[in-house]
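Student: Sharing a structure below in structure tokens format, with a few things to ask.
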Amino acid sequence: MEILLNGNSLEVEGIDAEVTVLQLVKTVEESLKGSGSSIVELLLDGTSYCPDETDKIGALKVVDFAKVELVAVSAVEMIQAAFEDGDAGITHLEGVAQQASSELRIGKIKSAMDHYIEFVDGVEWLVTMLNNADRAFAANMAESSVESERQGLLGRINEQMAAVKSAQESEDWVGVADILEYEFPDIFSDARKLIEAILGSSS
Amino acid sequence: MNEELFNRNLNALRRHPNVFSVVAAAARNWRQESYSFETAKSGQPTLGFSDENKRLISYHSRYDPVKEAEKQIQASFQGQTHAMLLGFGLGYMAEALLKEFKQRVNGPQLFVIEPDAGVFISALKSRDLSRFLLDERVALVVGMTADEVGDLWSASLDWTAMERLALIDHPPSVGRFKMYFERVIEKIRYLCNRSKGNLVTLMHAGFEFHSNYFANLAAGFALPGVERLFDRFKGTPAIVVAAGPSLDKNMHLLAQVKGKFPIVAVDTALRQLVANGIKPDIVCAADPSYENSLDFVGVENETEVILAVEPMTHPDIFTSFKGPLMLMTFGGGLQPICKDLREPVGTLGCWGSIATTVFDLVRRMGADPIIFVGLDLSFQDGRLHARGSYSDDIFYEKVHQFTSIEHESAEYINTRGAVKFGRADGSILFTDQNMKLYKDWFEDQFRQTKAKVINATEGGVVDKYVELMPLARVIETWSHKSAPVAEILKSALEKPVTADVQALLSRLGQFRKTMSQNQSAARRAVAICRRLIVTSADLPVDRLEGKSRAEFFDILQLHDQICSDKDLFPWFSIHQTRYITRHTMDVVNLRASATTTVGQWMQQISEFFAALERFHEYQIPLLDKAVEELNRQNKSKTVRGSYCNE
């Protein structure tokens, strides 16, 4: 059996037939304390699992797998990765917002709400990413124009999210569709530019 | 709010008199507070509505309502010939939809339903809708109940022109009036099924109906109408006798109410009633078939029974029945050409079964409660009808040494009884698709009937919006409310009838003349069609020139003129239902296509004139015979019942 952490072989003592994958993850996380990294993914004989899937991995025994690969990254690395995926993420969000809005306009509320939930999760991801930008790109964020753009953008996102949630709670579907169709495209476009600016300054 | 705009729209709205009166009345109480107007970023007005919880619902996009409407229509309209828009709002979707109709067919194509008159008034006050309101393709319904919507729609639609119907939501309106629009759709589906059935019936039996109208014209024109009975039994219980198998259970009890409550029966039940010693006060007949005329075999001399008869009925019934006759009408046939020439006949509804007509008659007589017996609308104990009906006669004809009437009935039920109903007592009853449709119709009508309706069938499947009660208990409960039935009926029969036979003869003469003229014109036109096919078949119409062009358009004009004759064209349509239905669709397609050639048009028109010739060959002798009979009767004054010939 082989255990790898970020591609490097890892020696773990005391692995017997009873040790679960969850226990292994906890042990490794313990050893990573202070490094700022945490495990974000594990591959068991090539099958990907999330460390949050505790029920699943708590039932799996380490010895049943020939190869256990653990992927650990730091918060900074995560933020950097998110910024690098930012363009694709925003493109996806634009599509989801468009889909939700089109469905709301023709009265397909149930299907639209599935897309709307995905949209809300996506905006949360964008806000988290922007809120944490200074942890990964501290030097770039020190530039006052970038920081004020970030604050301005976060303010607009919060404002429109409050409006869209209020419309959704009143079941004013045309109101929700309007915000998704007409307000968010500008926000997404500005977010894209801001991400480019932040990444551009760091390269 | 712009009052000038409102008045301009209101003026255009006069084309829709029903809506005009609703709006004129509602405008007096219209309060702006519930409606919020805003100008969209694109410059057009938009509307919001605040409900009782102050929750705001946007009716249209506050950014670009026109673009929004175009997207909505794009997603929901696939080029159908007709559309029903559920919710008007400020009218953006309705206008976008109108632009999408590629084919022009007879009658209204776009039916718009707006349940809130306040929203409609808001539209009239904020947008110039005059062009839309004046468009002949538009029919509007505002502030009406779902049932009224269905009835109005059904009455104004040209069913022969409808190929496909699109039901399109204006989502905010549908969200606000969910139950209302569900009911509208249910009603429309029901009407579509029914009308599809009516069209099929016309295709199969239209010829028979039409011949009977002419054959019965002389005998029926001067009969007293059932309108004389309308409202004459206000608040009196009345019995509707249908011919379902459960009639055997309780018809003997009807003797207890004879003379106290009017007893009105369907023709199919007459023989069983008479055989059991019950003479109904009125029996209704409307079926054009010979088979149905057999209902009267053996009961022709029941002179105490009034036969209320529709002129489409088989002529044998008119001639063989010796009792008093009254006329009723479904509004079709020759009624449109006769109605201004005599006192009112009394128009009744008919939805495929004579029991529906009997119900409508009793309802119009003002009866309350209306009590049904024999309304099974299902098969019971292996039988279709009460024992002794003509359906038994028909099955008897099939019986031979290896079978029995029970076997023949069971065979019929096994083949047709596809619809199953579980009853409250755990039993299962079977019915067929037609009776299921009648059940739906009756229950729909019961819901809309002010009088109390009691089903005392003691069996069957009709149980919604009706009180179920055994007949014995009904009689016990209501016996104190009786009316002098015989006296009322006698006075209705004896009053002289006002009917102008001379004017009818003159009108029929005019029809005869028009038909002769059409015959000659059509013969000439057919010759020109043939020539144009030889000389210009492959040419697109817009490339025709000179004399050929003039002849081509003269022929089309003659075609359109014949099709727009409000009296003769319906006769033609009934005689040639199958052909005219197909022709109407073909003409729509020819007009819609930019590449239609002269040959295609002339082929179509030649076929039309050939069908017209077949119609004339059939119609002219019918008309001549009716005129001859009317002349004979007019001279001898030997019509049934007394009448005053003005």
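So you can find residues: chains in the structure tokens are A, B, ... in the order shown, residues in each start at 1, and ligands are numbered from 1 in order.
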List the neighbours of Val174 (chain A) out to 7 Å using only C-alpha atoms; skip same-chain residues closer than 4 positions along the sequence, and give me the result as a list in words.
Tutor: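 What passes the distance filter is Leu104, Arg105 and Asp178 of chain A; Ser58, His60 and Ser61 of chain B.
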Student: Write out as a ChimeraX atom specification all residues of region 66-180 of chain A that DSSP puts in helix (DSSP H, G or I) for this structure's backbone.
Tutor: /A:75-84,86-105,109-131,133-136,138-141,144-169,173-180
Student: Taking only C-alpha atoms into account and nothing else, which residues of chain A lie no more than 6 Å away from chain B? Please answer as a ChimeraX atom specification.
Tutor: /A:106-107,170,172,174
Student: Those selected residues, please, written with all heavy atoms and delivered as a short mmCIF file (atom, residue, chain, number, x, y, z; two decimals), in the first residue's frame.
Tutor:
data_model
loop_
_atom_site.label_atom_id
_atom_site.label_comp_id
_atom_site.auth_asym_id
_atom_site.auth_seq_id
_atom_site.Cartn_x
_atom_site.Cartn_y
_atom_site.Cartn_z
N ILE A 106 -40.79 32.70 -18.45
CA ILE A 106 -41.86 31.89 -19.08
C ILE A 106 -42.59 31.04 -18.04
O ILE A 106 -43.34 30.13 -18.40
CB ILE A 106 -41.32 31.03 -20.24
CG1 ILE A 106 -40.18 30.13 -19.78
CG2 ILE A 106 -40.88 31.90 -21.40
CD1 ILE A 106 -39.78 29.09 -20.82
N GLY A 107 -42.36 31.35 -16.77
CA GLY A 107 -43.16 30.70 -15.72
C GLY A 107 -42.66 29.33 -15.29
O GLY A 107 -43.38 28.63 -14.57
N SER A 170 -40.80 37.59 -2.15
CA SER A 170 -42.16 38.04 -2.50
C SER A 170 -42.72 37.27 -3.69
O SER A 170 -43.82 37.57 -4.14
CB SER A 170 -42.16 39.51 -2.91
OG SER A 170 -41.42 40.27 -2.06
N ASP A 172 -41.84 37.62 -6.61
CA ASP A 172 -41.92 38.55 -7.74
C ASP A 172 -40.90 38.06 -8.78
O ASP A 172 -39.78 38.53 -8.86
CB ASP A 172 -41.59 39.96 -7.25
CG ASP A 172 -41.59 40.97 -8.40
OD1 ASP A 172 -42.03 40.60 -9.51
OD2 ASP A 172 -41.14 42.11 -8.19
N VAL A 174 -40.70 38.22 -12.01
CA VAL A 174 -40.23 39.15 -13.04
C VAL A 174 -39.13 40.03 -12.45
O VAL A 174 -38.10 40.30 -13.09
CB VAL A 174 -41.39 40.03 -13.58
CG1 VAL A 174 -40.88 41.09 -14.54
CG2 VAL A 174 -42.43 39.16 -14.28
#
Student: Which residue, A:Val127, A:Asn8, A:Cys50, A:Trp173, has the smallest gap to Ala100 (chain A) when you use only C-alpha atoms?
Tutor: A:Trp173
Student: Report as a ChimeraX atom specification all protein, DNA and RNA residues lying within 9 Å of Ile90 (chain A), evaluated on only C-alpha atoms, omitting residues in the same chain fewer than 6 positions from it.
Tutor: /A:122-123,126,188-189,191-192
Student: Quick one: of B:Tyr180, B:Phe233, B:Tyr290, B:Phe615, who's nearest to Gln519 (chain B), counting only C-alpha atoms?
Tutor: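 Closest candidate: B:Phe615.
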Student: Contacts of Val96 (chain A) at 8 Å or less, counting only C-alpha atoms, minus same-chain residues fewer than 3 places along, as a list of chain:residue names?
Tutor: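 Once the adjacent positions are removed, what remains is A:His92, A:Leu93, A:Gln99, A:Ala100, A:His115, A:Tyr116, A:Glu118, A:Phe119.
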Student: Write a file of the selected residues as a PDB file, in the first residue's frame, keeping C-alpha atoms.
Tutor:
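Saved the output as out.pdb:
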ATOM      1  CA  HIS A  92     -20.553  29.562 -15.745  1.00  0.00           C
ATOM      2  CA  LEU A  93     -22.315  32.000 -13.402  1.00  0.00           C
ATOM      3  CA  GLN A  99     -30.924  30.292 -17.631  1.00  0.00           C
ATOM      4  CA  ALA A 100     -32.727  31.146 -14.382  1.00  0.00           C
ATOM      5  CA  HIS A 115     -30.582  27.417 -11.342  1.00  0.00           C
ATOM      6  CA  TYR A 116     -31.190  30.266  -8.919  1.00  0.00           C
ATOM      7  CA  GLU A 118     -26.731  27.441  -8.123  1.00  0.00           C
ATOM      8  CA  PHE A 119     -26.453  31.151  -8.892  1.00  0.00           C
TER       9      PHE A 119
END
Student: When distances are computed from only C-alpha atoms, which of A:Glu13, A:Glu2, A:Glu94, A:Asp87 shows the smallest separation from Leu70 (chain A)?
Tutor: A:Glu2
Student: Between CA of Val598 (chain B) and CA of Val105 (chain B), what distance in Å does the model show, to one decimal?
Tutor: 20.7 Å
Student: Between B:Ala117, B:Gly87, B:Phe261, B:Lys67, which is the closest to Arg28 (chain B) once you count only C-alpha atoms?
Tutor: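 Smallest separation from Arg28 (chain B) among the options: B:Ala117.
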Student: Which residue gives the smallest distance to Asn634 (chain B) among B:Ala215, B:Asp295, B:Leu505, B:Ile428, with only C-alpha atoms counted?
Tutor: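 The answer is B:Leu505, which sits nearest to Asn634 (chain B).
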Student: To one decimal place, how far is CA of Lys436 (chain B) from CA of Phe421 (chain B) in Å?
Tutor: 9.9 Å
Student: Residues near Met365 (chain B), anyone? I mean within 12 Å using only C-alpha atoms, not counting same-chain ones fewer than 2 positions away, as a PyMOL selection string.
Tutor: chain B and resi 226-239+261-264+346+348+358-363+367-370+451+485+488-489
Student: Hey, what's within 8 Å of Asn6 (chain A) if we count only C-alpha atoms and toss same-chain stuff fewer than 3 positions away? As number ranges by chain, please?
Tutor: A: 69-72
Student: Would you save the residues from that selection as a CSV table (one decimal), in the first residue's frame, using C-alpha atoms?
Tutor:
chain,number,residue,atom,x,y,z
A,69,GLU,CA,-3.2,10.1,-2.5
A,70,LEU,CA,-3.8,13.1,-0.4
A,71,VAL,CA,-3.8,16.6,-1.9
A,72,ALA,CA,-3.1,19.5,0.6
Student: Tell me, as a PyMOL selection string, which residues lie within 7 Å of region 56-68 of chain A, counting only C-alpha atoms; anything in the same chain fewer than 3 positions away does not count.
Tutor: chain A and resi 1-4+17-22+43-45+53
Student: How would you write, as an MDAnalysis selection string, the set of residues in region 36-169 of chain A that DSSP gives as strand (DSSP E or B)?
Tutor: chainID A and resid 37:44 47:49 61 67:74
Student: Let's have the selection written as a compact mmCIF listing (two decimals), in the first residue's frame, with all heavy atoms.
Tutor:
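That gives us out.txt:
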# COMPACT_ATOMS: atom_id res chain seq x y z
N SER A 37 -1.72 24.72 5.58
CA SER A 37 -2.35 23.89 4.53
C SER A 37 -3.41 22.97 5.12
O SER A 37 -3.36 22.65 6.31
CB SER A 37 -1.30 23.02 3.83
OG SER A 37 -0.40 23.85 3.15
N SER A 38 -4.29 22.56 4.29
CA SER A 38 -5.25 21.53 4.70
C SER A 38 -5.55 20.64 3.51
O SER A 38 -5.30 21.01 2.35
CB SER A 38 -6.52 22.19 5.24
OG SER A 38 -7.05 23.02 4.24
N ILE A 39 -6.09 19.46 3.83
CA ILE A 39 -6.35 18.49 2.74
C ILE A 39 -7.64 18.89 2.03
O ILE A 39 -8.66 19.13 2.68
CB ILE A 39 -6.44 17.07 3.31
CG1 ILE A 39 -5.07 16.68 3.85
CG2 ILE A 39 -6.90 16.07 2.25
CD1 ILE A 39 -5.03 15.42 4.62
N VAL A 40 -7.56 18.98 0.72
CA VAL A 40 -8.75 19.40 -0.05
C VAL A 40 -9.30 18.27 -0.90
O VAL A 40 -10.44 18.34 -1.37
CB VAL A 40 -8.46 20.63 -0.93
CG1 VAL A 40 -8.22 21.87 -0.08
CG2 VAL A 40 -7.31 20.37 -1.88
N GLU A 41 -8.50 17.25 -1.11
CA GLU A 41 -8.98 16.15 -1.96
C GLU A 41 -8.23 14.87 -1.63
O GLU A 41 -7.07 14.94 -1.19
CB GLU A 41 -8.75 16.49 -3.44
CG GLU A 41 -9.47 15.55 -4.38
CD GLU A 41 -9.11 15.75 -5.86
OE1 GLU A 41 -8.19 16.56 -6.14
OE2 GLU A 41 -9.73 15.07 -6.69
N LEU A 42 -8.85 13.73 -1.77
CA LEU A 42 -8.10 12.48 -1.67
C LEU A 42 -8.54 11.54 -2.78
O LEU A 42 -9.71 11.57 -3.20
CB LEU A 42 -8.25 11.85 -0.29
CG LEU A 42 -9.61 11.54 0.29
CD1 LEU A 42 -9.50 10.38 1.28
CD2 LEU A 42 -10.11 12.75 1.04
N LEU A 43 -7.55 10.78 -3.27
CA LEU A 43 -7.82 9.83 -4.35
C LEU A 43 -7.53 8.43 -3.82
O LEU A 43 -6.42 8.15 -3.38
CB LEU A 43 -6.92 10.11 -5.55
CG LEU A 43 -7.15 11.44 -6.27
CD1 LEU A 43 -5.94 11.81 -7.13
CD2 LEU A 43 -8.38 11.35 -7.15
N LEU A 44 -8.56 7.59 -3.85
CA LEU A 44 -8.38 6.22 -3.37
C LEU A 44 -8.39 5.31 -4.59
O LEU A 44 -9.44 5.17 -5.23
CB LEU A 44 -9.51 5.85 -2.40
CG LEU A 44 -9.70 6.79 -1.20
CD1 LEU A 44 -10.91 6.38 -0.36
CD2 LEU A 44 -8.46 6.84 -0.33
N THR A 47 -9.99 7.03 -7.37
CA THR A 47 -11.33 7.60 -7.22
C THR A 47 -11.26 8.79 -6.26
O THR A 47 -10.69 8.67 -5.16
CB THR A 47 -12.32 6.55 -6.68
OG1 THR A 47 -12.27 5.42 -7.53
CG2 THR A 47 -13.74 7.11 -6.61
N SER A 48 -11.85 9.90 -6.71
CA SER A 48 -11.73 11.14 -5.93
C SER A 48 -12.80 11.21 -4.82
O SER A 48 -13.97 10.88 -5.04
CB SER A 48 -11.89 12.33 -6.89
OG SER A 48 -11.94 13.51 -6.14
N TYR A 49 -12.35 11.66 -3.67
CA TYR A 49 -13.28 11.90 -2.54
C TYR A 49 -12.97 13.26 -1.96
O TYR A 49 -11.83 13.76 -2.06
CB TYR A 49 -13.10 10.85 -1.44
CG TYR A 49 -13.59 9.47 -1.84
CD1 TYR A 49 -12.75 8.60 -2.54
CD2 TYR A 49 -14.88 9.06 -1.51
CE1 TYR A 49 -13.20 7.34 -2.92
CE2 TYR A 49 -15.32 7.80 -1.89
CZ TYR A 49 -14.49 6.95 -2.59
OH TYR A 49 -14.93 5.71 -2.94
N LYS A 61 -11.74 1.38 4.77
CA LYS A 61 -10.49 0.99 5.47
C LYS A 61 -9.30 1.31 4.56
O LYS A 61 -9.32 1.00 3.36
CB LYS A 61 -10.48 -0.51 5.78
CG LYS A 61 -11.70 -0.98 6.58
CD LYS A 61 -11.67 -0.47 8.00
CE LYS A 61 -12.82 -1.10 8.78
NZ LYS A 61 -13.60 -0.14 9.53
N LYS A 67 -3.42 2.41 -3.31
CA LYS A 67 -2.79 3.73 -3.39
C LYS A 67 -3.72 4.79 -2.80
O LYS A 67 -4.88 4.90 -3.23
CB LYS A 67 -2.50 4.05 -4.86
CG LYS A 67 -1.59 5.23 -5.07
CD LYS A 67 -1.30 5.33 -6.58
CE LYS A 67 -0.30 6.42 -6.87
NZ LYS A 67 -0.05 6.53 -8.31
N VAL A 68 -3.24 5.52 -1.82
CA VAL A 68 -4.02 6.59 -1.21
C VAL A 68 -3.25 7.89 -1.45
O VAL A 68 -2.12 8.05 -1.00
CB VAL A 68 -4.20 6.36 0.30
CG1 VAL A 68 -4.93 7.54 0.95
CG2 VAL A 68 -4.95 5.06 0.58
N GLU A 69 -3.88 8.80 -2.23
CA GLU A 69 -3.20 10.07 -2.54
C GLU A 69 -3.93 11.21 -1.85
O GLU A 69 -5.16 11.34 -1.98
CB GLU A 69 -3.23 10.33 -4.05
CG GLU A 69 -2.45 9.32 -4.85
CD GLU A 69 -2.74 9.43 -6.34
OE1 GLU A 69 -2.08 10.24 -7.00
OE2 GLU A 69 -3.65 8.71 -6.80
N LEU A 70 -3.19 12.02 -1.11
CA LEU A 70 -3.79 13.15 -0.41
C LEU A 70 -3.29 14.43 -1.05
O LEU A 70 -2.11 14.56 -1.37
CB LEU A 70 -3.40 13.13 1.07
CG LEU A 70 -3.74 11.84 1.84
CD1 LEU A 70 -3.04 11.81 3.19
CD2 LEU A 70 -5.24 11.72 2.04
N VAL A 71 -4.23 15.36 -1.26
CA VAL A 71 -3.83 16.64 -1.86
C VAL A 71 -4.07 17.72 -0.80
O VAL A 71 -5.19 17.90 -0.34
CB VAL A 71 -4.66 16.96 -3.12
CG1 VAL A 71 -4.23 18.29 -3.74
CG2 VAL A 71 -4.55 15.83 -4.13
N ALA A 72 -3.00 18.40 -0.42
CA ALA A 72 -3.12 19.46 0.58
C ALA A 72 -2.70 20.79 -0.04
O ALA A 72 -1.72 20.85 -0.79
CB ALA A 72 -2.23 19.16 1.78
N VAL A 73 -3.49 21.81 0.23
CA VAL A 73 -3.08 23.15 -0.24
C VAL A 73 -3.31 24.15 0.89
O VAL A 73 -4.13 23.93 1.78
CB VAL A 73 -3.88 23.62 -1.48
CG1 VAL A 73 -3.56 22.82 -2.71
CG2 VAL A 73 -5.36 23.65 -1.21
N SER A 74 -2.62 25.27 0.78
CA SER A 74 -2.79 26.32 1.78
C SER A 74 -3.93 27.23 1.34
O SER A 74 -4.33 27.22 0.16
CB SER A 74 -1.50 27.12 1.92
OG SER A 74 -1.28 27.84 0.72
Student: Would you compute the distance between CA of Thr329 (chain B) and CA of Glu310 (chain B)? Give it in Å to one decimal.
Tutor: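 Atom-to-atom, CA of Thr329 (chain B) to CA of Glu310 (chain B), that is 5.3 Å.
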